[in-house]
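K.L.:
Let me give you the structure first, and then I'll get to my questions.
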Amino acid sequence: MTLATEVKKCGIYIFVSTLCIFTAAPMDNNLAVASDPPVSQTMAEAPKAVVAERAFTFDEVLEGEVVTHAFIIENQGTAWLKVRDVHTSCGCTMAQRPEAIAPGTSGQILVKGDTNGYGGGFFNKTITVTTNDAIQPRIRLRLNGPVAVFARIEPSRISLLGEAGEDLQAETSISPDPRYPFHIVKIIPDAPLADKIDAYMEQRKGSYSIVVRNRMAQPGQYRGRIVLKTDSARRPQLTLFVIGRITAQSN
């Protein structure tokens with residue numbers, strides 16, 4: 001056998017061997033790819049909650065006004081965003097929510113804050129939104145702002161505490177804010193107080209005095225409110241709370 005024949009045979013042998021190696025490699029790769037899950041399975045659909053504005057500060061309002069604001073919540077994910085719960089930090093604040101938001105759309109968290117009792121102070125409440133967004137399951141919102149006082153009521157609650165037969169009375173002073181002048185035109189005790197107390201008003205320079213006297217002769221308790229009607233369109237009435245606790249006479 002000549003050298004050329006040997007080389008030729010070797011060349012054929014090498015070529016065939018290389019071909020076998022070359023064709024075997026893709027088969028191994030194909031088996032590896034086939035064992036991996038499809039791309040659509042590795043990228044699971046999920047919701048994504050986005051709230052651009054998380055705090056709203058309102059301009060000064062008058063005490064007793066209800067402040068309303070809508071927080072926009074977007075779903076930038078690929079699955080439905082479920083709004084599971086909305087919790088407020090105070091009973092004076094209420095919130096309405098959508099149950100679910102489709103991918104690529106938005107909804108509103110409508111918040112209402114009652115400023116009664118916050119006159120002369122700052123209203124500041126937190127709203128916690130719970131969703132099915134696994135990355136951001138809770139979103140905290142804030143509603144705040146200054147509240148102007150309509151009238152100073154000192155004290156804001158009248159207590160009549162003592163023994164049966166005693167002359168029990170108390171009074172409170174009501175001073176209008178100069179920016180919101182008004183007159184009290186009528187005093188109306190509600191039903192639970194109608195036969196338990198007497199109430200009358202004394203007008204003084206720039207203020208009013210509401211005097212409440214106990215009428216209940218027997219031991220017992222009561223509570224209620226007195227509605228003070230005003231001539232103000234902004235606050236047509238004020239409320240004064242009254243509690244009474246009459247004990248038996250001591251020996």
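Chain labels follow the order of the structure tokens: the first chain is A, the next B, and so on; residue numbering restarts at 1 in every chain, and ligands are counted from 1 in their shown order.
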Mind checking which residues fall within 9 Å of Phe150 of chain A, counting only C-alpha atoms, ignoring those fewer than 5 positions away in the same chain, and posting them as a PyMOL selection string?

P.N.:
chain A and resi 62-64+119-120+175-181+235

K.L.:
Report as a PyMOL selection string all protein, DNA and RNA residues lying within 10 Å of Glu65 of chain A, evaluated on only C-alpha atoms, omitting residues in the same chain fewer than 2 positions from it.

P.N.:
chain A and resi 61-63+67-68+113-116+147+234-235

K.L.:
With N, CA and C atoms kept, could you save the residues just selected as an mmCIF file, in the first residue's frame?

P.N.:
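Written output follows (out_15.cif):
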data_model
loop_
_atom_site.group_PDB
_atom_site.id
_atom_site.type_symbol
_atom_site.label_atom_id
_atom_site.label_comp_id
_atom_site.auth_asym_id
_atom_site.auth_seq_id
_atom_site.Cartn_x
_atom_site.Cartn_y
_atom_site.Cartn_z
ATOM 1 N N VAL A 61 -59.577 73.859 54.924
ATOM 2 C CA VAL A 61 -61.026 73.714 54.879
ATOM 3 C C VAL A 61 -61.590 74.092 56.234
ATOM 4 N N LEU A 62 -62.890 74.325 56.270
ATOM 5 C CA LEU A 62 -63.554 74.667 57.522
ATOM 6 C C LEU A 62 -63.931 73.394 58.263
ATOM 7 N N GLU A 63 -63.730 73.399 59.555
ATOM 8 C CA GLU A 63 -64.044 72.226 60.378
ATOM 9 C C GLU A 63 -65.459 71.731 60.082
ATOM 10 N N VAL A 67 -63.640 66.117 53.149
ATOM 11 C CA VAL A 67 -62.676 66.234 52.053
ATOM 12 C C VAL A 67 -62.679 64.925 51.267
ATOM 13 N N THR A 68 -62.803 65.033 49.935
ATOM 14 C CA THR A 68 -62.839 63.851 49.072
ATOM 15 C C THR A 68 -61.694 63.910 48.065
ATOM 16 N N GLY A 113 -62.592 62.167 54.043
ATOM 17 C CA GLY A 113 -62.181 62.461 55.413
ATOM 18 C C GLY A 113 -63.093 63.492 56.051
ATOM 19 N N ASP A 114 -63.696 63.149 57.189
ATOM 20 C CA ASP A 114 -64.574 64.059 57.925
ATOM 21 C C ASP A 114 -63.727 64.874 58.902
ATOM 22 N N THR A 115 -63.687 66.189 58.713
ATOM 23 C CA THR A 115 -62.813 67.044 59.520
ATOM 24 C C THR A 115 -63.464 67.539 60.813
ATOM 25 N N ASN A 116 -64.648 67.039 61.122
ATOM 26 C CA ASN A 116 -65.302 67.471 62.354
ATOM 27 C C ASN A 116 -64.444 67.111 63.568
ATOM 28 N N VAL A 147 -57.087 72.492 58.967
ATOM 29 C CA VAL A 147 -58.528 72.648 59.197
ATOM 30 C C VAL A 147 -58.759 73.893 60.058
ATOM 31 N N ARG A 234 -72.666 78.040 56.009
ATOM 32 C CA ARG A 234 -71.547 77.106 56.002
ATOM 33 C C ARG A 234 -71.669 76.073 57.114
ATOM 34 N N ARG A 235 -72.167 76.482 58.280
ATOM 35 C CA ARG A 235 -72.382 75.543 59.392
ATOM 36 C C ARG A 235 -73.738 75.855 60.010
#

K.L.:
For Thr126 of chain A, which residue out of A:Ala46, A:Ile226, A:Ala170, A:Leu141 is the nearest one, using only C-alpha atoms?

P.N.:
A:Leu141

K.L.:
Between A:Pro47, A:Gly117, A:Gly107, A:Pro189, which residue has the minimum interatomic distance to Phe71 of chain A, considering only C-alpha atoms?

P.N.:
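Residue with the minimum atom-to-atom distance to Phe71 of chain A: A:Gly107.
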
K.L.:
Give one line per residue of segment 125-185 of chain A that approaches segment 72-92 of chain A to at most 7 Å, naming the two atoms of the closest pair and their distance in Å to one decimal, counting only C-alpha atoms; sort by chain then ascending residue number and deliver it as JSON lines.

P.N.:
{"residue": "A:Lys125", "atom": "CA", "partner": "A:Ser89", "partner_atom": "CA", "distance": 6.1}
{"residue": "A:Thr126", "atom": "CA", "partner": "A:Ser89", "partner_atom": "CA", "distance": 5.4}
{"residue": "A:Ile127", "atom": "CA", "partner": "A:Thr88", "partner_atom": "CA", "distance": 4.5}
{"residue": "A:Thr128", "atom": "CA", "partner": "A:His87", "partner_atom": "CA", "distance": 5.1}
{"residue": "A:Val129", "atom": "CA", "partner": "A:Val86", "partner_atom": "CA", "distance": 4.6}
{"residue": "A:Thr130", "atom": "CA", "partner": "A:Asp85", "partner_atom": "CA", "distance": 5.1}
{"residue": "A:Thr131", "atom": "CA", "partner": "A:Val83", "partner_atom": "CA", "distance": 4.5}
{"residue": "A:Asn132", "atom": "CA", "partner": "A:Lys82", "partner_atom": "CA", "distance": 5.5}
{"residue": "A:Asp133", "atom": "CA", "partner": "A:Leu81", "partner_atom": "CA", "distance": 6.9}

K.L.:
Out of A:Asp190, A:Glu60, A:Glu154, A:Glu163, which residue has the shortest atom-to-atom distance to Ser207 of chain A when counting only C-alpha atoms?

P.N.:
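Answer, going by the shortest atom-to-atom distance: A:Glu154.
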
K.L.:
Please report, as number ranges by chain, each residue of segment 132-196 of chain A to which DSSP assigns strand (DSSP E or B) when run on this structure's backbone.

P.N.:
A: 138-148, 151-154, 157-163, 169-176, 184-189

K.L.:
Would you mind telling me which residue in A:Val111, A:Leu228, A:Ile210, A:Ala52 lies nearest to Arg142 of chain A when using only C-alpha atoms?

P.N.:
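Of A:Val111, A:Leu228, A:Ile210, A:Ala52, the one nearest Arg142 of chain A is A:Val111, counting only C-alpha atoms.
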